[in-house]
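**Student:** What follows is the file protein07.csv, containing CSV, C-alpha atoms and all ligand atoms:
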chain,number,residue,atom,x,y,z
A,20,MET,CA,-11.8,-1.6,54.8
A,21,HIS,CA,-10.2,-4.9,53.8
A,22,THR,CA,-12.0,-4.9,50.5
A,23,ALA,CA,-10.5,-1.5,49.8
A,24,HIS,CA,-7.1,-3.0,50.4
A,25,ARG,CA,-7.6,-5.8,48.0
A,26,ARG,CA,-9.0,-3.7,45.2
A,27,PRO,CA,-7.3,-0.3,45.2
A,28,THR,CA,-9.5,2.3,43.7
A,29,ALA,CA,-8.6,5.7,42.3
A,30,ARG,CA,-8.9,7.5,45.6
A,31,SER,CA,-8.4,4.6,48.0
A,32,SER,CA,-5.4,4.0,50.2
A,33,ARG,CA,-4.7,1.7,53.0
A,34,HIS,CA,-4.4,4.6,55.3
A,35,ALA,CA,-7.7,6.0,54.5
A,36,ALA,CA,-9.1,2.4,54.7
A,37,TRP,CA,-7.7,2.0,58.2
A,38,ALA,CA,-8.9,5.4,59.2
A,39,ALA,CA,-12.4,4.6,58.0
A,40,GLY,CA,-12.3,1.3,59.8
A,41,VAL,CA,-11.0,2.8,63.0
A,42,ALA,CA,-13.6,5.5,62.8
A,43,LEU,CA,-16.3,3.0,62.3
A,44,ALA,CA,-15.0,0.7,64.9
A,45,CYS,CA,-14.6,3.5,67.4
A,46,ALA,CA,-17.9,5.0,66.2
A,47,ALA,CA,-15.9,4.5,66.0
A,48,VAL,CA,9.4,14.8,55.8
A,49,LEU,CA,21.5,23.7,51.2
A,50,GLY,CA,24.0,24.4,49.7
A,51,GLY,CA,26.4,21.6,49.0
A,52,CYS,CA,28.6,20.9,46.0
A,53,THR,CA,28.4,19.5,42.5
A,54,THR,CA,30.7,16.6,43.1
A,55,ALA,CA,29.6,13.6,41.2
A,56,PRO,CA,29.8,10.2,42.8
A,57,PRO,CA,32.6,8.3,41.0
A,58,PRO,CA,32.0,4.9,39.4
A,59,THR,CA,31.4,2.4,42.2
A,60,LYS,CA,34.1,-0.3,41.9
A,61,PRO,CA,34.2,-2.0,45.2
A,62,ALA,CA,37.9,-1.4,45.6
A,63,ALA,CA,39.0,0.1,48.9
A,64,HIS,CA,40.2,3.3,47.3
A,65,ALA,CA,37.6,3.7,44.6
A,66,ALA,CA,34.4,4.9,46.0
A,67,PRO,CA,33.7,7.2,48.9
A,68,ALA,CA,31.0,6.4,51.3
A,69,SER,CA,29.0,9.4,50.5
A,70,ALA,CA,28.5,12.2,48.0
A,71,ALA,CA,26.2,15.2,47.5
A,72,ASP,CA,24.2,16.5,44.6
A,73,SER,CA,23.6,20.1,43.6
A,74,LEU,CA,20.8,20.5,46.1
A,75,GLY,CA,23.0,19.3,49.0
A,76,ILE,CA,21.3,16.0,49.2
A,77,ALA,CA,23.7,13.5,50.7
A,78,PHE,CA,23.8,10.0,49.1
A,79,VAL,CA,25.4,6.9,50.5
A,80,ARG,CA,26.4,3.8,48.5
A,81,VAL,CA,24.2,0.8,48.9
A,82,PRO,CA,26.1,-2.2,47.5
A,83,ALA,CA,24.6,-4.7,45.2
A,84,GLY,CA,23.5,-7.9,47.0
A,85,GLU,CA,20.9,-10.4,47.9
A,86,PHE,CA,18.3,-10.5,50.6
A,87,LEU,CA,15.1,-12.1,51.7
A,88,MET,CA,12.2,-9.8,50.9
A,89,GLY,CA,8.8,-9.9,52.6
A,90,SER,CA,7.4,-11.6,55.6
A,91,ASP,CA,5.3,-14.6,56.2
A,92,GLU,CA,4.5,-14.2,59.9
A,93,SER,CA,1.2,-15.7,60.8
A,94,PRO,CA,-1.6,-13.6,62.3
A,95,ALA,CA,-1.1,-15.7,65.5
A,96,THR,CA,2.5,-14.8,65.7
A,97,LEU,CA,1.8,-11.1,65.1
A,98,ALA,CA,-0.9,-11.2,67.7
A,99,LYS,CA,1.6,-12.1,70.3
A,100,ALA,CA,3.9,-9.2,69.3
A,101,PHE,CA,1.1,-6.7,68.9
A,102,PRO,CA,-1.4,-7.7,71.6
A,103,HIS,CA,-3.5,-4.5,71.2
A,104,ALA,CA,-4.0,-4.9,67.5
A,105,ASP,CA,-7.5,-5.7,66.2
A,106,ALA,CA,-7.5,-9.3,65.1
A,107,LYS,CA,-9.0,-8.2,61.7
A,108,ARG,CA,-6.0,-6.2,60.9
A,109,LEU,CA,-3.6,-9.1,61.5
A,110,VAL,CA,-5.0,-11.1,58.5
A,111,ASP,CA,-4.4,-8.2,56.2
A,112,PHE,CA,-0.7,-8.8,55.4
A,113,LYS,CA,-0.8,-11.5,52.8
A,114,ASP,CA,0.8,-9.1,50.3
A,115,GLU,CA,4.0,-9.4,52.3
A,116,ALA,CA,4.3,-13.1,51.4
A,117,PRO,CA,5.9,-15.2,50.2
A,118,VAL,CA,9.3,-14.4,51.6
A,119,HIS,CA,11.5,-14.6,48.5
A,120,ARG,CA,15.1,-14.1,47.6
A,121,VAL,CA,15.9,-11.0,45.6
A,122,ARG,CA,19.2,-10.1,44.0
A,123,LEU,CA,20.0,-6.5,43.3
A,124,THR,CA,22.7,-6.5,40.7
A,125,HIS,CA,23.9,-2.9,40.8
A,126,ASP,CA,25.3,-0.6,43.5
A,127,ILE,CA,23.1,2.4,43.9
A,128,TRP,CA,23.5,5.7,45.7
A,129,MET,CA,20.6,6.4,48.0
A,130,GLY,CA,19.6,9.5,49.8
A,131,ALA,CA,21.0,9.3,53.3
A,132,THR,CA,17.8,11.0,54.4
A,133,GLU,CA,14.3,11.7,53.2
A,134,VAL,CA,14.2,14.8,51.0
A,135,THR,CA,13.9,17.8,53.3
A,136,VAL,CA,11.6,20.8,53.1
A,137,GLY,CA,14.7,22.9,52.4
A,138,GLN,CA,15.8,20.7,49.5
A,139,PHE,CA,12.3,20.6,48.0
A,140,ARG,CA,12.0,24.4,48.4
A,141,GLU,CA,15.3,24.8,46.5
A,142,PHE,CA,14.1,22.5,43.8
A,143,LEU,CA,11.0,24.6,43.3
A,144,ARG,CA,13.0,27.8,43.3
A,145,LEU,CA,15.5,26.6,40.7
A,146,SER,CA,13.2,24.7,38.5
A,147,GLY,CA,10.0,26.7,38.5
A,148,TYR,CA,8.1,23.5,39.1
A,149,VAL,CA,4.7,23.9,40.8
A,150,PRO,CA,3.7,21.1,43.2
A,151,GLU,CA,0.6,19.2,42.2
A,152,SER,CA,-1.3,20.4,45.3
A,153,VAL,CA,-0.8,24.0,44.3
A,154,ARG,CA,-1.3,23.4,40.6
A,155,ASP,CA,-4.6,21.7,40.8
A,156,GLY,CA,-5.9,24.2,43.5
A,157,THR,CA,-7.2,21.5,45.8
A,158,GLY,CA,-4.3,21.7,48.3
A,159,ALA,CA,-3.4,19.0,50.7
A,160,TYR,CA,-3.9,17.8,54.3
A,161,GLY,CA,-2.9,19.2,57.7
A,162,PHE,CA,-3.0,18.7,61.4
A,163,ASN,CA,-5.7,20.9,62.9
A,164,PRO,CA,-6.2,20.5,66.7
A,165,ASP,CA,-9.8,21.3,66.3
A,166,TYR,CA,-10.4,18.6,63.7
A,167,SER,CA,-12.2,15.5,65.0
A,168,PRO,CA,-11.7,12.4,62.8
A,169,PRO,CA,-14.6,10.4,64.2
A,170,ASN,CA,-17.1,13.2,63.6
A,171,ASN,CA,-16.1,13.7,60.0
A,172,GLN,CA,-17.8,11.7,57.3
A,173,ARG,CA,-14.5,11.2,55.3
A,174,ALA,CA,-13.2,9.6,58.4
A,175,ASP,CA,-9.7,11.0,57.6
A,176,LEU,CA,-7.1,11.5,60.3
A,177,PHE,CA,-6.3,15.0,59.1
A,178,ASP,CA,-8.0,18.2,58.0
A,179,GLY,CA,-8.3,18.5,54.2
A,180,ARG,CA,-8.0,18.4,51.4
A,181,ASP,CA,-7.7,22.2,51.6
A,182,PRO,CA,-5.7,24.8,49.7
A,183,ARG,CA,-4.4,26.2,52.9
A,184,TYR,CA,-2.4,23.0,53.3
A,185,SER,CA,0.6,22.2,51.1
A,186,TRP,CA,4.2,20.8,51.1
A,187,ASP,CA,5.0,24.0,53.0
A,188,ASN,CA,2.2,23.8,55.6
A,189,PRO,CA,1.1,20.5,57.0
A,190,GLY,CA,-0.4,22.2,60.0
A,191,PHE,CA,2.5,21.6,62.4
A,192,PRO,CA,5.9,23.3,62.5
A,193,GLN,CA,8.4,22.2,59.9
A,194,THR,CA,11.9,23.6,59.5
A,195,ASP,CA,14.1,23.2,56.4
A,196,ARG,CA,15.6,20.1,58.0
A,197,HIS,CA,12.3,18.3,58.4
A,198,PRO,CA,11.2,15.8,55.7
A,199,VAL,CA,8.9,17.3,53.1
A,200,VAL,CA,5.4,15.8,53.2
A,201,ASN,CA,2.2,16.5,51.3
A,202,VAL,CA,4.1,15.8,48.0
A,203,THR,CA,2.7,13.5,45.4
A,204,TRP,CA,4.4,10.6,43.6
A,205,ASN,CA,4.3,12.9,40.5
A,206,ASP,CA,6.0,15.7,42.4
A,207,ALA,CA,8.8,13.3,43.5
A,208,VAL,CA,9.3,12.0,40.0
A,209,ALA,CA,9.4,15.6,38.7
A,210,MET,CA,12.2,16.4,41.1
A,211,ALA,CA,14.1,13.3,40.1
A,212,ARG,CA,13.8,14.1,36.4
A,213,TRP,CA,14.8,17.7,36.9
A,214,LEU,CA,17.9,16.7,38.8
A,215,SER,CA,18.7,14.1,36.2
A,216,GLU,CA,18.6,16.7,33.4
A,217,ARG,CA,20.6,19.2,35.5
A,218,GLU,CA,23.4,16.8,36.4
A,219,GLY,CA,23.4,14.4,33.6
A,220,VAL,CA,23.1,11.4,35.9
A,221,VAL,CA,19.9,9.4,36.5
A,222,TYR,CA,18.0,10.2,39.7
A,223,ARG,CA,14.8,8.3,40.4
A,224,LEU,CA,12.7,6.8,43.2
A,225,PRO,CA,13.9,3.5,44.6
A,226,THR,CA,12.2,0.4,43.5
A,227,GLU,CA,10.2,-1.3,46.3
A,228,ALA,CA,12.9,-4.1,46.4
A,229,GLU,CA,15.7,-1.6,46.7
A,230,TRP,CA,13.8,0.2,49.4
A,231,GLU,CA,13.3,-2.9,51.5
A,232,TYR,CA,16.9,-4.1,51.0
A,233,ALA,CA,18.2,-0.7,52.0
A,234,ALA,CA,15.9,-0.5,55.0
A,235,ARG,CA,16.8,-4.0,56.3
A,236,ALA,CA,20.5,-3.4,55.7
A,237,GLY,CA,21.2,-7.0,56.4
A,238,SER,CA,18.5,-7.5,59.1
A,239,ARG,CA,15.8,-10.2,59.0
A,240,THR,CA,13.9,-8.9,62.0
A,241,ARG,CA,10.6,-7.1,62.0
A,242,PHE,CA,12.3,-3.8,62.5
A,243,PRO,CA,15.9,-3.1,61.5
A,244,ALA,CA,16.9,-3.1,65.2
A,245,GLY,CA,15.0,-6.2,66.3
A,246,ASP,CA,11.7,-7.9,66.6
A,247,ASP,CA,10.4,-6.1,69.7
A,248,PRO,CA,8.3,-3.0,68.9
A,249,SER,CA,10.0,-1.3,71.8
A,250,VAL,CA,13.2,-1.0,69.7
A,251,LEU,CA,11.4,1.7,67.7
A,252,LEU,CA,11.5,4.2,70.6
A,253,THR,CA,15.2,4.6,70.3
A,254,THR,CA,15.7,4.0,66.6
A,255,ALA,CA,12.8,5.7,64.7
A,256,ASN,CA,10.1,8.4,64.8
A,257,THR,CA,6.8,6.6,64.9
A,258,PHE,CA,3.5,6.9,66.7
A,259,ASP,CA,4.6,7.2,70.3
A,260,SER,CA,3.1,8.4,73.6
A,261,GLU,CA,3.6,12.0,72.5
A,262,THR,CA,1.7,11.6,69.3
A,263,ALA,CA,-1.0,9.7,71.2
A,264,LEU,CA,-1.7,12.8,73.3
A,265,ARG,CA,-3.3,14.2,70.1
A,266,TRP,CA,-5.0,10.9,69.1
A,267,PRO,CA,-5.8,9.4,72.5
A,268,ARG,CA,-8.1,6.7,71.2
A,269,TRP,CA,-5.1,5.0,69.8
A,270,ARG,CA,-3.0,5.2,72.9
A,271,GLU,CA,-2.8,1.5,73.2
A,272,GLN,CA,-1.4,1.1,69.7
A,273,ALA,CA,1.4,3.5,70.5
A,274,GLY,CA,4.9,2.6,71.5
A,275,ALA,CA,5.3,2.2,75.3
A,276,GLY,CA,7.1,5.6,75.7
A,277,SER,CA,8.3,8.7,73.9
A,278,ASP,CA,10.7,8.7,71.0
A,279,GLY,CA,11.0,12.5,71.4
A,280,PHE,CA,8.9,13.6,68.5
A,281,ALA,CA,5.1,14.1,68.4
A,282,PHE,CA,5.2,15.1,64.7
A,283,THR,CA,8.0,14.9,62.1
A,284,ALA,CA,11.6,14.9,63.3
A,285,PRO,CA,14.5,16.8,61.6
A,286,VAL,CA,16.0,14.2,59.3
A,287,GLY,CA,18.8,12.2,60.8
A,288,SER,CA,17.6,12.6,64.4
A,289,PHE,CA,18.2,8.9,65.0
A,290,LYS,CA,21.2,6.7,64.3
A,291,PRO,CA,21.6,5.5,60.8
A,292,ASN,CA,21.3,1.9,59.8
A,293,ALA,CA,24.1,-0.4,58.7
A,294,PHE,CA,24.2,1.2,55.3
A,295,GLY,CA,24.3,4.7,56.7
A,296,LEU,CA,20.7,5.5,55.9
A,297,TYR,CA,18.5,7.6,58.3
A,298,ASP,CA,14.8,7.3,59.0
A,299,MET,CA,14.1,4.4,56.6
A,300,ILE,CA,11.6,3.5,59.2
A,301,GLY,CA,9.2,6.2,60.4
A,302,ASN,CA,9.3,10.0,60.1
A,303,ALA,CA,7.8,10.2,56.6
A,304,TRP,CA,6.4,7.4,54.3
A,305,GLU,CA,8.6,7.1,51.2
A,306,TRP,CA,7.3,6.8,47.7
A,307,CYS,CA,8.7,3.9,45.6
A,308,SER,CA,8.7,3.7,41.8
A,309,ASP,CA,6.7,0.5,41.7
A,310,TRP,CA,3.0,0.1,40.9
A,311,TYR,CA,1.4,-1.9,43.7
A,312,ASP,CA,0.1,-5.4,43.3
A,313,GLU,CA,-0.8,-7.5,46.3
A,314,ASN,CA,0.2,-10.7,44.5
A,315,TYR,CA,3.4,-9.5,43.0
A,316,TYR,CA,5.8,-11.3,45.3
A,317,ALA,CA,4.6,-14.7,44.1
A,318,GLN,CA,5.7,-13.9,40.5
A,319,SER,CA,8.3,-11.2,40.8
A,320,PRO,CA,11.7,-11.8,39.1
A,321,ALA,CA,14.5,-12.8,41.3
A,322,GLU,CA,16.8,-10.1,39.9
A,323,ASP,CA,16.1,-6.4,40.1
A,324,PRO,CA,12.3,-6.6,40.4
A,325,LYS,CA,10.7,-3.3,39.3
A,326,GLY,CA,7.1,-4.0,40.1
A,327,PRO,CA,4.1,-4.8,37.8
A,328,ALA,CA,4.0,-3.2,34.4
A,329,GLU,CA,0.8,-1.4,35.3
A,330,GLY,CA,-1.4,-0.5,38.1
A,331,THR,CA,-3.5,2.2,39.7
A,332,VAL,CA,-1.6,2.9,42.9
A,333,ARG,CA,2.1,3.4,43.7
A,334,VAL,CA,3.9,1.8,46.6
A,335,ARG,CA,5.0,3.7,49.7
A,336,ARG,CA,7.1,2.3,52.4
A,337,GLY,CA,8.5,2.5,55.9
A,338,GLY,CA,5.7,4.1,58.0
A,339,SER,CA,5.7,7.6,59.4
A,340,TRP,CA,5.6,9.6,62.6
A,341,HIS,CA,2.0,8.7,62.7
A,342,SER,CA,2.4,4.9,62.2
A,343,TRP,CA,1.8,2.4,64.8
A,344,PRO,CA,4.6,-0.2,65.3
A,345,LEU,CA,2.6,-2.8,63.5
A,346,TYR,CA,2.8,-0.7,60.3
A,347,ALA,CA,6.4,0.3,60.8
A,348,ARG,CA,7.7,-3.2,60.1
A,349,SER,CA,10.3,-3.4,57.3
A,350,ALA,CA,8.1,-5.7,55.3
A,351,PHE,CA,4.9,-3.7,55.5
A,352,ARG,CA,3.6,-2.5,52.1
A,353,ASN,CA,1.3,0.5,51.5
A,354,TRP,CA,0.1,2.5,48.5
A,355,ASN,CA,-1.7,5.5,47.2
A,356,THR,CA,-2.6,7.0,43.9
A,357,PRO,CA,0.2,9.0,42.2
A,358,SER,CA,-1.6,12.2,42.8
A,359,THR,CA,-2.1,11.6,46.5
A,360,ARG,CA,-0.7,14.3,48.7
A,361,TYR,CA,-0.8,13.5,52.4
A,362,VAL,CA,0.6,14.8,55.6
A,363,LEU,CA,2.5,11.6,56.3
A,364,VAL,CA,4.0,10.9,52.9
A,365,GLY,CA,7.4,12.1,51.6
A,366,PHE,CA,10.2,10.5,49.6
A,367,ARG,CA,13.9,9.9,49.2
A,368,LEU,CA,15.9,9.7,45.9
A,369,VAL,CA,18.2,7.2,44.4
A,370,ARG,CA,21.2,8.3,42.2
A,371,GLU,CA,22.2,5.6,39.8
A,372,ALA,CA,25.9,4.7,40.2
A,373,ALA,CA,28.0,4.0,37.2
A,374,VAL,CA,28.0,0.3,36.7
A,375,ALA,CA,31.3,-1.5,37.4
A,376,PRO,CA,32.4,-3.9,34.7
A,377,ARG,CA,31.0,-7.4,35.4
A,378,PRO,CA,33.6,-10.1,35.9
A,401,CA,CA,7.2,10.0,67.4
A,402,CA,CA,11.0,7.3,56.4
In structure tokens, what does this structure look like?
Ligand SMILES: [Ca+2]
Ligand SMILES: [Ca+2]

**Tutor:**
Amino acid sequence: MHTAHRRPTARSSRHAAWAAGVALACAAVLGGCTTAPPPTKPAAHAAPASAADSLGIAFVRVPAGEFLMGSDESPATLAKAFPHADAKRLVDFKDEAPVHRVRLTHDIWMGATEVTVGQFREFLRLSGYVPESVRDGTGAYGFNPDYSPPNNQRADLFDGRDPRYSWDNPGFPQTDRHPVVNVTWNDAVAMARWLSEREGVVYRLPTEAEWEYAARAGSRTRFPAGDDPSVLLTTANTFDSETALRWPRWREQAGAGSDGFAFTAPVGSFKPNAFGLYDMIGNAWEWCSDWYDENYYAQSPAEDPKGPAEGTVRVRRGGSWHSWPLYARSAFRNWNTPSTRYVLVGFRLVREAAVAPRP
């Protein structure tokens, strides 16, 4: 499983790698207006705190700034904070180092929430776009109470890949206010491009650096609300005692109580972070625009890093409703191929703000 992490292959993902490892070891995420965000001069009267696009997606302004990206916590330190974690997992976070200073030179508008099922549905209706999981006929993944991960050779956590599962059916109830999942990186980019053409403003996925800066919102702790995994129970939707009822073998990895949601939560169910962003941690993983490179941090530019020029897998961030606290840390990096559709993975969009004149 660790080899798979170091050398991403066309179908590999860390999640699948963990699942395989766990299985072996255990035997193993309408309406609105068309108001365009104004140029973001940081004058008190100039820029509102939020705006909405034509699909009703609310965006909040994330100001330009600097932060320390990544983590260099040692396995020993992590072992103290996550005493139930397999020691082999704790050496697998070298890609989070070195901690390095990153400067983001432009304000951006970021989706206050993950893109919802309702917003994605409206995108499909207006654009005629067909999601990759439907177009290629192979479907997606889903929760099936009768599915037994350890007894399946693929060692996946969920049933699939099967045409009966899609963005519209991950096997558990989703309302239009839940984060859309089972959407590929390509689907997310298609939605951003369509919105860009429709509104004449650039929409895109966040870069990995923008994502972490936005998630941290000034924090340097493991999680935006602190270092102790218990903070997740009141601030994010992750793998908790409710989720563990369906996956009891990982009960020890779960949070020490319930966060109120066994599966996805309606977006915005928890308090926003200091930038006014909801669910950066947990609920649905969020696609980023970057290619993934485990060694990228050692060589990335200090200003507006955009990831390696090429790669085979795209970054996703933040953990999901099915992520253990260890994997819901602000610094944790994960990835999948651009055509991966999975029951835990969604996205949020960035709207590029007009650039204020430089002094
Ligand atoms: Ca939960
Ligand atoms: Ca999220």

**Student:** Residues within 12 Å of ligand CA 401 (chain A) (only C-alpha atoms and all ligand atoms), as a PyMOL selection string?

**Tutor:** chain A and resi 251-265+273-285+288-289+298+300-303+338-344+347

**Student:** Could you please determine the separation between CA of Ser308 (chain A) and CA of Gly161 (chain A) in Å, to one decimal place?

**Tutor:** 25.1 Å

**Student:** Write out as a PyMOL selection string each polymer residue whose atoms come within 12 Å of Met88 (chain A), counting only C-alpha atoms; drop sequence neighbours fewer than 3 positions from it.

**Tutor:** chain A and resi 85+91+114-123+227-241+315-317+319-324+349-352

**Student:** Could you tell me which of A:Arg196, A:Arg335, A:Arg348, A:Arg223 comes closest to Gly365 (chain A) if we count only C-alpha atoms?

**Tutor:** A:Arg335

**Student:** Select all residues near (7.8, 11.5, 46.5) (cut-off 6 Å, inclusive, file coordinates), counting only C-alpha atoms, and output them as a PyMOL selection string.

**Tutor:** chain A and resi 202-204+207+306+365-366

**Student:** Hey, which of A:Tyr148, A:Phe294, A:Trp304, A:Tyr160 ends up closest to Val81 (chain A)? Count only C-alpha atoms.

**Tutor:**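 Using only C-alpha atoms, the shortest distance to Val81 (chain A) belongs to A:Phe294.
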
**Student:** Which distance in Å separates CA of Ala83 (chain A) and CA of Asn292 (chain A), to one decimal?

**Tutor:**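 Separation of CA of Ala83 (chain A) and CA of Asn292 (chain A): 16.4 Å.
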
**Student:** Using all atoms listed in the file for the distances, tell me which of A:Asp312, A:Asp178, A:Glu141, A:Glu305 is nearest to Ala159 (chain A).

**Tutor:**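 Selected residue with least distance to Ala159 (chain A): A:Asp178.
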
**Student:** Could you work out how far CA of Thr194 (chain A) lies from CA of Gly295 (chain A), giving the answer in Å with one decimal?

**Tutor:**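 A separation of 22.8 Å between them.
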
**Student:** Using only C-alpha atoms, which of the listed residues (A:Ser146, A:Asn353, A:Thr132, A:Ser167) sits closest to Met299 (chain A)?

**Tutor:** A:Thr132
